[in-house]
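So the structure is just underneath, and the comments pick up after that.
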Amino acid sequence: MNARPPFFRRPGIVLALRYAAAVALTVGFLFPVYWLFIISFKTPEEIFAFPPVWYPKSVQFANYAVLFKDGDAVTVWNSLVLAGVSTVIAMVLGTICAYSLVRFKTGGENLAVWIISQRMMPPIAIAFPVFLLYVFFGWVDSYHGLIILYTAFSLPYVIWMMRGYIEDLPLELEESALVDGLTRWEVLWKVVFPMVRSGLFATAVFTFVFAWNDFLFALVLTRTEVITYTVQVTHYFGGQSNFWAKIAAMSVLGTIPVFFTVAVLQRYLVRGISMGAVKG
Amino acid sequence: MADLKITNLHKHYSGVQAVRGIDLEVASGEFTVLVGPSGCGKSTLLRTIAGLETPDGGTIEIGGRVVNYVRPRDRDIAMVFQNYALYPYMNVFENIAFGLRARKTPQAEIETRVRRAADMLGITPLLERLPRQLSGGQRQRVAIGRAIVRNARLFLFDEPLSNLDAQLRDEMRSEIKRLHQELGTTMIYVTHDQIEAMTLADRIVLLRDGKIEQAGTPLDLYERPATRFVAGFLGSPQMNFVPAQLAQSGGGWAVKVGSDVSLPLPARQGDGLSDGRAIVLGLRPQYVTRANGSHRPGHERLGVTVELVQPTGSRAYITFPLGGVPIVAELESHDVQRPGERIDLDLDMNRAVLIDPESNRVI
Amino acid sequence: MVGADDITTPAGVAPDRLFKYWLIVPAIFLLLLVGLFPLIYSLIVSFQNITMMEVDTSFAGFVNYAQLFKDARLWEALLHTGLITIIALPLELVLGLLMAQLFLERMPGRQIFVSLLVLPTVIAPIVAGATWRLMFDHRYGPINQIIGWLAGEPTTLLWNVNPNLVYPAIFICEVWQWTPFMFLILLAALSNVDKSLTEAAEIDGAGYWRTFFKIVLPSIWPVMAIAILIRGLDLARIFDVIWALTRGGPGTMTETISIYTYVQGFQQFETSYTAAIAFLVIAMLTIIVVWAIRRMGLAK
């Protein structure tokens with residue numbers, strides 16, 4: 001006869017406990033996100049009700065309509081342009097640089113360490129001198145000014161990640177292509193890029209998200225013309241009262257694309273955020 | 001005319017000398033196999049010929065033109081890689097056509113040439129497939145197809161069969177041999193497998209430590225190795241090496257092993273033979289046979305105690321002691337039953353190799 | 001070795017020799033813009049005397065650097081930054097590890113839980129700060145409401161003003177956003193631990209904790225170290241969350257080095273002095289980062 005295991009060791013009980021913990025954790029972590037989203041759908045009466053309204057009676061989009069009517073929503077467009085363009089440039093320049101580092105050991109380990117160490121620099125220490133430079137050039141509050149900075153700031157990440165993906169490629173494919181009659185540049189475009197395209201895509205998305213989520217550079221280097229959504233959110237903060245509906249609606253506008261991204265990128269998420277330390 | 005001429009070639013990687021002064025000529029249509037243990041520089045040599053590495057010294061000529069600094073694509077070569085190097089996102093047809101497209105060959109000609117190559121290799125039904133849908137042997141055929149479709153002057157093979165299992169390897173080996181006979185192209189083939197080298201080569205170039213140890217036809221190297229290394233490298237099981245001494249015996253010379261065994265050498269003359277000189281006697285396992293009554297000239301009879309029997313099916317490897325070292329002999333499988341048995345063996349001294357223990361060169 | 005005289009080589013240059021440099025030139029140029037230029041420019045400006053009042057570009061010697069040592073607010077900002085890092089980092093690490101343990105074994109729907117739990121990490125930090133600003137509102141925020149339920153009486157805690165509560169508020173927001181980051185990475189690392197190692201330890205008679213500290217932890221350490229490095233450096237430059245929650249207040253109580261630099265440069269317009277601070281910060285972090293990267297063999 002089999003003795004039954006103690007109560008808390010029984011597989012069914014263990015699983016139930018784990019589920020309970022998992023659900024509690026998930027609810028806890030997602031509640032702030034939930035709160036942010038429902039505020040954006042609430043009417044002013046619901047927002048400023050006391051005690052708080054835990055779920056809105058009806059979903060209404062007036063808070064978003066206001067953003068579009070006032071033209072505030074254009075800041076989301078600005079974020080899109082800045083993050084999008086800088087990502088494309090950073091991907092091209094970063095990938096070919098990574099290729100050179102991997103295949104030709106250009107600059108050796110020192111160059112690689114220097115490049116990744118740039119990733120770790122505090123943005124404010126970079127932003128300040130760059131701000132002085134941009135004042136001199138008249139680039140403050142311009143698309144190209146921020147695009148250049150975002151590109152440069154994204155490069156270490158792109159180079160680092162693509163370096164990992166390119167290292168995973170078999171060298172023989174490229175050598176074979178060289179023997180088959182391709183030039184070095186053709187090998188890059190016709191063999192290397194197609195081979196790393198999934199890594200390229202994943203890295204591009206992360207690069208985009210980092211630029212999209214940036215606040216400090218945009219705060220320092222914009223005034224009125226190319227304000228990003230992150231800066232716009234802080235404009236609704238007040239000393240005593242906040243523009244709750246606008247904070248929430250603008251935040252949701254900026255957050256939805258990022259959530260969508262995560263959903264698409266499940267497979268590359270860990271490798272992307274751990275900077276390649278974990279290969280998925 | 002020589003298709004490939006290499007003069008005093010040197011190549012080193014961060015201080016390590018991979019190729020040190022190699023001279024080599026490969027005649028048109030010849031199948032040359034570069035063979036040697038890992039790290040002997042054979043792959044480096046091949047990659048330098050391909051242009052994937054730039055030599056540090058010496059010259060490489062292909063078809064009479066010095067190509068030291070010519071890009072791989074301009075050398076008129078084709079190469080088959082160990083891992084096949086198939087582009088995973090292209091189907092078989094596109095993989096084979098890749099080199100032709102890179103050279104802007106007209107579509108119609110690409111079509112006919114790819115089809116012809118595919119027919120030759122029996123992979124026509126696979127043309128639409130992707131590399132990951134192919135077996136190892138099929139991938140290897142595609143890789144070869146990609147090389148032959150180019151009609152290059154020089155074919156390079158870098159250990160093309162080492163990723164295949166034993167049975168496929170045998171099959172592909174004969175395939176490559178057949179292709180060479182059909183195409184008649186100059187081929188240079190790198191392998192560490194001496195059986196591949198022996199079966200495929202018109203000429204074997206045996207490398208060691210970045211230098212050519214010996215070059216010649218397979219039989220040359222097998223029968224008349226220049227050094228102990230060559231003697232040991234070719235042939236399976238490995239040649240036996242027995243420390244011994246030369247001694248004058250009657251009108252000729254004999255090899256004295258230990259104190260009690262004396263094996264007279266068949267009539268041979270030469271310098272360097274002197275009484276009492278220490279030598280190493282080299283004897284292939286195949287040249288030791290079970291004594292069968294009749295005495296053949298040059299064969300010396302020896303009574304031995306069998307220590308170990310390893311049957312392989314048709315043959316049996318037995319081990320017995322001689323001169324303090326274990327000697328392997330390859331006998332018929334029914335020649336010997338079990339260890340401990342005492343049997344008489346004939347040693348074919350016509351084929352014995354005498355090696356100088358100092359220089360390791362064959363005397 | 002063969003002497004150089006013995007080797008004859010035809011004159012010529014390998015083609016494509018410059019190719020590898022062409023590939024890195026554009027990237028390096030841009031990297032110098034954020035890597036080298038700020039350092040040099042900060043250095044130059046820091047030896048001048050540019051303030052909101054006057055633009056004096058003559059060599060001013062080490063006045064700004066001397067000022068650094070006398071600036072109590074700067075050292076407090078450094079202290080705050082260090083404090084936040086030292087407290088938040090272990091919290092995130094331990095919580096992340098516990099969560100990873102919970103989800104390590106397979107269970108139906110695990111992937112959905114993991115995907116949902118990761119969401120806070122990918123939100124913009126400034127939005128995370130804004131979200132918690134809403135959560136912490138003393139009157140309409142749900143946090144006080146829930147505390148009120150538990151306490152049995154209405155509470156109106158001023159989370160972003162009360163000196164006793166500002167740091168907890170910052171930690172809650174930080175830990176909420178970044179524990180999932182640790183969780184995700186550690187979960188992947190734990191999943192990659194060779195099962196035969198832990199099984200062998202079990203058979204050898206090692207208990208749970210011994211197995212964890214002697215087998216599991218060393219196995220995941222390389223990955224964990226990188227996660228700590230990434231998060232540690234993020235925390236050292238923390239700006240957005242604090243900007244959203246307290247703006248460094250009350251007074252300068254939660255002012256970090258990034259906030260302080262911003263205030264000096266963009267609100268007080270102490271250009272030269274800010275440059276000195278920026279130079280100090282870049283120099284300090286460069287040393288730490290390069291040391292850490294080399295130490296961890298991150299560059300392989």
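Ordering of the structure tokens sets the chain letters (A, B, ...), residue numbers begin anew at 1 in every chain, and ligands are numbered from 1 in the order given.
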Sorted by chain and rising residue number, which residues of chain B lie within 8 Å of chain C, and what are their closest atom pairs and distances in Å to one decimal, counting only C-alpha atoms, as CSV?
```
residue,atom,partner,partner_atom,distance
B:Asn8,CA,C:Ile7,CA,6.8
B:Leu9,CA,C:Ile7,CA,7.9
B:His10,CA,C:Ile7,CA,7.8
B:Arg20,CA,C:Val2,CA,7.9
B:Thr54,CA,C:Ala14,CA,6.9
B:Asp56,CA,C:Thr9,CA,7.8
B:Gly57,CA,C:Thr9,CA,5.2
B:Gly58,CA,C:Thr9,CA,4.9
B:Thr59,CA,C:Thr9,CA,6.1
B:Asn68,CA,C:Pro10,CA,7.7
B:Tyr69,CA,C:Ala14,CA,4.6
B:Val70,CA,C:Pro15,CA,6.9
B:Arg71,CA,C:Pro15,CA,6.4
```
Save the residues we just selected, all heavy atoms, as a tab-separated table (two decimals), in the first residue's frame?
```
chain	number	residue	atom	x	y	z
B	8	ASN	N	57.47	28.36	-52.29
B	8	ASN	CA	57.95	28.84	-51.00
B	8	ASN	C	56.87	29.58	-50.21
B	8	ASN	O	57.08	30.70	-49.74
B	8	ASN	CB	59.16	29.76	-51.22
B	8	ASN	CG	59.94	29.96	-49.93
B	8	ASN	OD1	59.83	29.14	-49.01
B	8	ASN	ND2	60.68	31.04	-49.86
B	9	LEU	N	55.73	28.98	-50.07
B	9	LEU	CA	54.58	29.65	-49.43
B	9	LEU	C	54.71	29.64	-47.90
B	9	LEU	O	55.04	28.63	-47.30
B	9	LEU	CB	53.29	28.93	-49.83
B	9	LEU	CG	52.02	29.67	-49.44
B	9	LEU	CD1	51.80	30.84	-50.37
B	9	LEU	CD2	50.83	28.73	-49.47
B	10	HIS	N	54.43	30.81	-47.32
B	10	HIS	CA	54.43	30.95	-45.87
B	10	HIS	C	53.13	31.58	-45.43
B	10	HIS	O	52.61	32.46	-46.10
B	10	HIS	CB	55.59	31.84	-45.40
B	10	HIS	CG	56.90	31.16	-45.45
B	10	HIS	ND1	57.59	30.99	-46.63
B	10	HIS	CD2	57.67	30.60	-44.47
B	10	HIS	CE1	58.72	30.35	-46.38
B	10	HIS	NE2	58.79	30.11	-45.07
B	20	ARG	N	54.86	26.60	-43.72
B	20	ARG	CA	56.24	27.10	-43.69
B	20	ARG	C	57.01	26.59	-44.90
B	20	ARG	O	57.61	25.53	-44.87
B	20	ARG	CB	56.97	26.64	-42.43
B	20	ARG	CG	56.04	26.39	-41.26
B	20	ARG	CD	56.82	26.20	-40.03
B	20	ARG	NE	57.04	24.79	-39.72
B	20	ARG	CZ	57.71	24.42	-38.64
B	20	ARG	NH1	58.26	25.29	-37.86
B	20	ARG	NH2	57.85	23.14	-38.39
B	54	THR	N	45.45	35.49	-47.13
B	54	THR	CA	46.50	36.08	-47.93
B	54	THR	C	47.84	35.53	-47.44
B	54	THR	O	48.09	35.51	-46.25
B	54	THR	CB	46.51	37.61	-47.78
B	54	THR	OG1	45.19	38.06	-47.99
B	54	THR	CG2	47.43	38.25	-48.77
B	56	ASP	N	51.74	35.15	-46.40
B	56	ASP	CA	52.71	36.08	-45.84
B	56	ASP	C	53.98	36.10	-46.66
B	56	ASP	O	54.79	37.01	-46.56
B	56	ASP	CB	53.03	35.70	-44.39
B	56	ASP	CG	51.81	35.84	-43.51
B	56	ASP	OD1	51.07	36.81	-43.70
B	56	ASP	OD2	51.61	34.98	-42.64
B	57	GLY	N	54.19	35.04	-47.43
B	57	GLY	CA	55.38	35.00	-48.26
B	57	GLY	C	55.23	33.93	-49.31
B	57	GLY	O	54.44	33.00	-49.16
B	58	GLY	N	56.00	34.06	-50.40
B	58	GLY	CA	55.90	33.09	-51.47
B	58	GLY	C	54.85	33.50	-52.48
B	58	GLY	O	54.23	34.55	-52.35
B	59	THR	N	54.69	32.67	-53.50
B	59	THR	CA	53.73	33.01	-54.55
B	59	THR	C	52.80	31.85	-54.81
B	59	THR	O	53.14	30.68	-54.61
B	59	THR	CB	54.44	33.34	-55.88
B	59	THR	OG1	55.27	32.24	-56.22
B	59	THR	CG2	55.25	34.61	-55.78
B	68	ASN	N	48.42	36.00	-55.69
B	68	ASN	CA	48.54	36.26	-54.25
B	68	ASN	C	47.49	37.23	-53.72
B	68	ASN	O	46.93	37.05	-52.66
B	68	ASN	CB	49.92	36.86	-53.96
B	68	ASN	CG	50.98	35.79	-53.84
B	68	ASN	OD1	50.91	34.80	-54.56
B	68	ASN	ND2	51.92	35.98	-52.95
B	69	TYR	N	47.28	38.31	-54.46
B	69	TYR	CA	46.38	39.33	-53.97
B	69	TYR	C	45.11	39.45	-54.81
B	69	TYR	O	44.45	40.47	-54.80
B	69	TYR	CB	47.11	40.68	-53.90
B	69	TYR	CG	48.30	40.61	-52.97
B	69	TYR	CD1	49.60	40.75	-53.46
B	69	TYR	CD2	48.11	40.35	-51.63
B	69	TYR	CE1	50.67	40.65	-52.61
B	69	TYR	CE2	49.18	40.25	-50.78
B	69	TYR	CZ	50.47	40.40	-51.27
B	69	TYR	OH	51.53	40.29	-50.42
B	70	VAL	N	44.81	38.39	-55.52
B	70	VAL	CA	43.59	38.40	-56.31
B	70	VAL	C	42.45	37.90	-55.43
B	70	VAL	O	42.62	36.99	-54.63
B	70	VAL	CB	43.75	37.49	-57.56
B	70	VAL	CG1	42.44	37.36	-58.31
B	70	VAL	CG2	44.83	38.04	-58.45
B	71	ARG	N	41.30	38.56	-55.57
B	71	ARG	CA	40.13	38.15	-54.78
B	71	ARG	C	39.73	36.72	-55.14
B	71	ARG	O	39.90	36.29	-56.28
B	71	ARG	CB	38.94	39.05	-55.09
B	71	ARG	CG	39.06	40.45	-54.62
B	71	ARG	CD	37.72	41.12	-54.78
B	71	ARG	NE	37.76	42.48	-54.30
B	71	ARG	CZ	37.78	43.55	-55.09
B	71	ARG	NH1	37.72	43.41	-56.38
B	71	ARG	NH2	37.83	44.75	-54.56
```
Selection near Asp193 of chain B, 12 Å with only C-alpha atoms, sequence-local residues under 4 positions removed, as a short mmCIF file (atom, residue, chain, number, x, y, z; two decimals) with all heavy atoms, in the first residue's frame:
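Everything below was put into selection-v1.cif:
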```cif
data_model
loop_
_atom_site.label_atom_id
_atom_site.label_comp_id
_atom_site.auth_asym_id
_atom_site.auth_seq_id
_atom_site.Cartn_x
_atom_site.Cartn_y
_atom_site.Cartn_z
N VAL B 33 45.50 15.12 -53.37
CA VAL B 33 44.93 15.11 -52.04
C VAL B 33 45.97 15.63 -51.05
O VAL B 33 47.08 15.13 -51.00
CB VAL B 33 44.47 13.70 -51.63
CG1 VAL B 33 44.01 13.69 -50.18
CG2 VAL B 33 43.35 13.23 -52.53
N LEU B 34 45.58 16.66 -50.30
CA LEU B 34 46.42 17.15 -49.22
C LEU B 34 45.96 16.44 -47.96
O LEU B 34 44.82 16.56 -47.54
CB LEU B 34 46.26 18.66 -49.03
CG LEU B 34 46.46 19.53 -50.27
CD1 LEU B 34 46.23 20.99 -49.90
CD2 LEU B 34 47.84 19.34 -50.84
N VAL B 35 46.86 15.69 -47.34
CA VAL B 35 46.47 14.91 -46.18
C VAL B 35 47.48 15.12 -45.07
O VAL B 35 48.63 15.47 -45.32
CB VAL B 35 46.33 13.41 -46.56
CG1 VAL B 35 47.67 12.80 -46.86
CG2 VAL B 35 45.60 12.62 -45.48
N GLY B 36 47.02 14.92 -43.86
CA GLY B 36 47.90 15.07 -42.71
C GLY B 36 47.07 15.17 -41.46
O GLY B 36 45.86 15.31 -41.53
N PRO B 37 47.73 15.09 -40.31
CA PRO B 37 46.98 15.18 -39.05
C PRO B 37 46.45 16.60 -38.85
O PRO B 37 46.88 17.52 -39.55
CB PRO B 37 48.03 14.83 -37.99
CG PRO B 37 49.33 15.18 -38.62
CD PRO B 37 49.18 14.97 -40.09
N SER B 38 45.53 16.78 -37.91
CA SER B 38 44.98 18.11 -37.72
C SER B 38 46.09 19.05 -37.24
O SER B 38 46.96 18.66 -36.48
CB SER B 38 43.84 18.08 -36.71
OG SER B 38 44.28 17.54 -35.50
N ASP B 158 37.29 20.98 -49.13
CA ASP B 158 37.82 21.07 -47.77
C ASP B 158 37.12 20.05 -46.89
O ASP B 158 36.04 20.30 -46.38
CB ASP B 158 37.62 22.49 -47.22
CG ASP B 158 38.35 22.69 -45.91
OD1 ASP B 158 39.08 21.76 -45.49
OD2 ASP B 158 38.20 23.76 -45.30
N GLU B 159 37.70 18.91 -46.70
CA GLU B 159 37.15 17.82 -45.90
C GLU B 159 35.65 17.64 -46.16
O GLU B 159 34.84 17.69 -45.24
CB GLU B 159 37.35 18.11 -44.41
CG GLU B 159 38.79 18.44 -44.09
CD GLU B 159 39.28 17.72 -42.84
OE1 GLU B 159 38.59 16.78 -42.41
OE2 GLU B 159 40.33 18.09 -42.33
N PRO B 160 35.26 17.41 -47.39
CA PRO B 160 33.83 17.46 -47.71
C PRO B 160 33.04 16.30 -47.11
O PRO B 160 31.83 16.41 -46.99
CB PRO B 160 33.80 17.40 -49.23
CG PRO B 160 35.06 16.71 -49.61
CD PRO B 160 36.08 17.09 -48.57
N LEU B 161 33.69 15.22 -46.74
CA LEU B 161 32.93 14.05 -46.32
C LEU B 161 32.94 13.83 -44.82
O LEU B 161 32.32 12.90 -44.32
CB LEU B 161 33.48 12.79 -47.01
CG LEU B 161 33.54 12.84 -48.53
CD1 LEU B 161 33.98 11.49 -49.08
CD2 LEU B 161 32.20 13.23 -49.11
N SER B 162 33.62 14.71 -44.09
CA SER B 162 33.83 14.38 -42.68
C SER B 162 32.57 14.52 -41.84
O SER B 162 32.53 14.04 -40.72
CB SER B 162 34.95 15.24 -42.09
OG SER B 162 34.66 16.59 -42.29
N ALA B 166 29.54 6.78 -41.94
CA ALA B 166 30.52 5.95 -42.64
C ALA B 166 30.02 5.45 -44.00
O ALA B 166 30.73 5.51 -44.99
CB ALA B 166 30.90 4.76 -41.75
N ARG B 169 29.74 8.15 -46.55
CA ARG B 169 31.07 8.61 -46.91
C ARG B 169 31.64 7.75 -48.03
O ARG B 169 32.19 8.25 -49.00
CB ARG B 169 31.97 8.56 -45.67
CG ARG B 169 33.13 9.50 -45.75
CD ARG B 169 33.94 9.44 -44.48
NE ARG B 169 33.13 9.66 -43.30
CZ ARG B 169 33.47 9.26 -42.08
NH1 ARG B 169 34.60 8.60 -41.89
NH2 ARG B 169 32.69 9.50 -41.06
N ASP B 170 31.48 6.44 -47.90
CA ASP B 170 31.97 5.53 -48.95
C ASP B 170 31.29 5.84 -50.28
O ASP B 170 31.92 5.89 -51.33
CB ASP B 170 31.66 4.07 -48.57
CG ASP B 170 32.52 3.62 -47.40
OD1 ASP B 170 33.45 4.37 -47.06
OD2 ASP B 170 32.25 2.54 -46.84
N ARG B 173 32.42 9.10 -51.74
CA ARG B 173 33.80 9.02 -52.18
C ARG B 173 33.85 8.50 -53.61
O ARG B 173 34.52 9.06 -54.47
CB ARG B 173 34.57 8.09 -51.24
CG ARG B 173 36.03 8.40 -51.14
CD ARG B 173 36.64 7.59 -50.04
NE ARG B 173 36.39 6.17 -50.23
CZ ARG B 173 36.30 5.29 -49.24
NH1 ARG B 173 36.45 5.70 -48.00
NH2 ARG B 173 36.07 4.03 -49.48
N TYR B 189 42.06 18.32 -52.86
CA TYR B 189 41.14 17.76 -51.88
C TYR B 189 41.87 17.64 -50.54
O TYR B 189 42.93 17.03 -50.46
CB TYR B 189 40.74 16.38 -52.41
CG TYR B 189 39.66 15.66 -51.66
CD1 TYR B 189 38.38 15.54 -52.19
CD2 TYR B 189 39.92 15.04 -50.43
CE1 TYR B 189 37.40 14.84 -51.53
CE2 TYR B 189 38.94 14.35 -49.77
CZ TYR B 189 37.68 14.23 -50.31
OH TYR B 189 36.70 13.53 -49.66
N ALA B 197 42.36 9.61 -48.89
CA ALA B 197 43.54 10.03 -49.63
C ALA B 197 43.99 8.93 -50.58
O ALA B 197 44.23 9.16 -51.76
CB ALA B 197 44.66 10.41 -48.66
N MET B 198 44.08 7.71 -50.05
CA MET B 198 44.58 6.61 -50.87
C MET B 198 43.64 6.32 -52.05
O MET B 198 44.09 6.09 -53.17
CB MET B 198 44.70 5.34 -50.02
CG MET B 198 45.74 5.38 -48.93
SD MET B 198 47.43 5.49 -49.53
CE MET B 198 47.67 3.82 -50.12
N THR B 199 42.32 6.33 -51.78
CA THR B 199 41.40 5.89 -52.82
C THR B 199 41.20 6.96 -53.89
O THR B 199 40.96 6.65 -55.04
CB THR B 199 40.03 5.54 -52.21
OG1 THR B 199 39.64 6.59 -51.34
CG2 THR B 199 40.08 4.24 -51.46
N LEU B 200 41.24 8.23 -53.51
CA LEU B 200 40.88 9.28 -54.46
C LEU B 200 42.07 9.79 -55.27
O LEU B 200 41.91 10.17 -56.43
CB LEU B 200 40.25 10.46 -53.71
CG LEU B 200 38.82 10.26 -53.20
CD1 LEU B 200 38.43 11.44 -52.33
CD2 LEU B 200 37.86 10.10 -54.35
N ALA B 201 43.23 9.82 -54.65
CA ALA B 201 44.29 10.65 -55.19
C ALA B 201 44.98 10.07 -56.41
O ALA B 201 45.19 8.86 -56.51
CB ALA B 201 45.32 10.92 -54.09
N ILE B 204 49.27 12.11 -53.71
CA ILE B 204 49.05 12.50 -52.32
C ILE B 204 50.16 13.46 -51.91
O ILE B 204 51.33 13.23 -52.23
CB ILE B 204 49.08 11.27 -51.39
CG1 ILE B 204 47.85 10.40 -51.63
CG2 ILE B 204 49.15 11.69 -49.93
CD1 ILE B 204 47.79 9.18 -50.74
N LEU B 206 51.52 14.73 -48.45
CA LEU B 206 51.36 14.52 -47.02
C LEU B 206 52.05 15.66 -46.28
O LEU B 206 53.24 15.90 -46.45
CB LEU B 206 51.96 13.17 -46.64
CG LEU B 206 51.34 12.48 -45.42
CD1 LEU B 206 51.72 11.01 -45.41
CD2 LEU B 206 51.73 13.12 -44.12
N PHE B 233 51.58 7.03 -40.96
CA PHE B 233 50.33 7.72 -41.24
C PHE B 233 49.44 6.93 -42.19
O PHE B 233 48.23 6.87 -42.02
CB PHE B 233 50.61 9.12 -41.80
CG PHE B 233 49.39 9.97 -41.87
CD1 PHE B 233 48.97 10.69 -40.76
CD2 PHE B 233 48.64 10.05 -43.03
CE1 PHE B 233 47.83 11.47 -40.80
CE2 PHE B 233 47.49 10.82 -43.09
CZ PHE B 233 47.09 11.53 -41.97
N LEU B 234 50.05 6.35 -43.21
CA LEU B 234 49.27 5.62 -44.21
C LEU B 234 49.20 4.15 -43.85
O LEU B 234 50.17 3.57 -43.38
CB LEU B 234 49.89 5.79 -45.60
CG LEU B 234 49.94 7.22 -46.13
CD1 LEU B 234 50.65 7.25 -47.48
CD2 LEU B 234 48.57 7.82 -46.25
N GLY B 235 48.05 3.56 -44.10
CA GLY B 235 47.88 2.14 -43.82
C GLY B 235 47.14 1.93 -42.52
O GLY B 235 47.28 2.69 -41.56
N SER B 236 46.30 0.90 -42.53
CA SER B 236 45.52 0.59 -41.34
C SER B 236 45.36 -0.90 -41.23
O SER B 236 45.00 -1.56 -42.20
CB SER B 236 44.16 1.26 -41.44
OG SER B 236 43.29 0.78 -40.44
#
```
TODO: For segment 99-112 of chain B, please output as number ranges by chain all residues within 9 Å (counting only C-alpha atoms; exclusion window: fewer than 5 positions along the same chain).
DONE: A: 177, 179-182; B: 93-94, 117, 146-147, 149-150
With C-alpha atoms retained, export the selected residues as a PDB file, in the first residue's frame.
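Contents of selection09.pdb, freshly written:
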```pdb
ATOM      1  CA  ALA A 177      29.894  33.156 -51.543  1.00  0.00           C
ATOM      2  CA  VAL A 179      34.544  31.904 -53.966  1.00  0.00           C
ATOM      3  CA  ASP A 180      31.303  31.837 -55.929  1.00  0.00           C
ATOM      4  CA  GLY A 181      31.990  35.335 -57.133  1.00  0.00           C
ATOM      5  CA  LEU A 182      30.495  37.890 -54.761  1.00  0.00           C
TER       6      LEU A 182
ATOM      7  CA  PHE B  93      18.223  25.325 -57.695  1.00  0.00           C
ATOM      8  CA  GLU B  94      19.074  28.784 -56.421  1.00  0.00           C
ATOM      9  CA  ALA B 117      24.817  19.402 -62.938  1.00  0.00           C
ATOM     10  CA  ARG B 146      27.290  24.324 -56.855  1.00  0.00           C
ATOM     11  CA  ALA B 147      30.971  23.823 -57.523  1.00  0.00           C
ATOM     12  CA  VAL B 149      28.209  24.146 -62.382  1.00  0.00           C
ATOM     13  CA  ARG B 150      30.799  26.874 -62.502  1.00  0.00           C
TER      14      ARG B 150
END
```
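Proximity to chain B was assessed for A:Phe217, A:Phe260, A:Phe243, A:Phe104 counting only C-alpha atoms; the smallest distance is recorded for A:Phe104.
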TODO: Return the single residue from A:Tyr236, A:Tyr99, A:Phe193, A:Phe259 that is closest to chain B, with distances computed using only C-alpha atoms.
DONE: A:Phe193
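In terms of minimum interatomic distance to chain A, C:Tyr262 ranks closest within C:Phe136, C:Trp75, C:Tyr262, C:Trp209, counting only C-alpha atoms.
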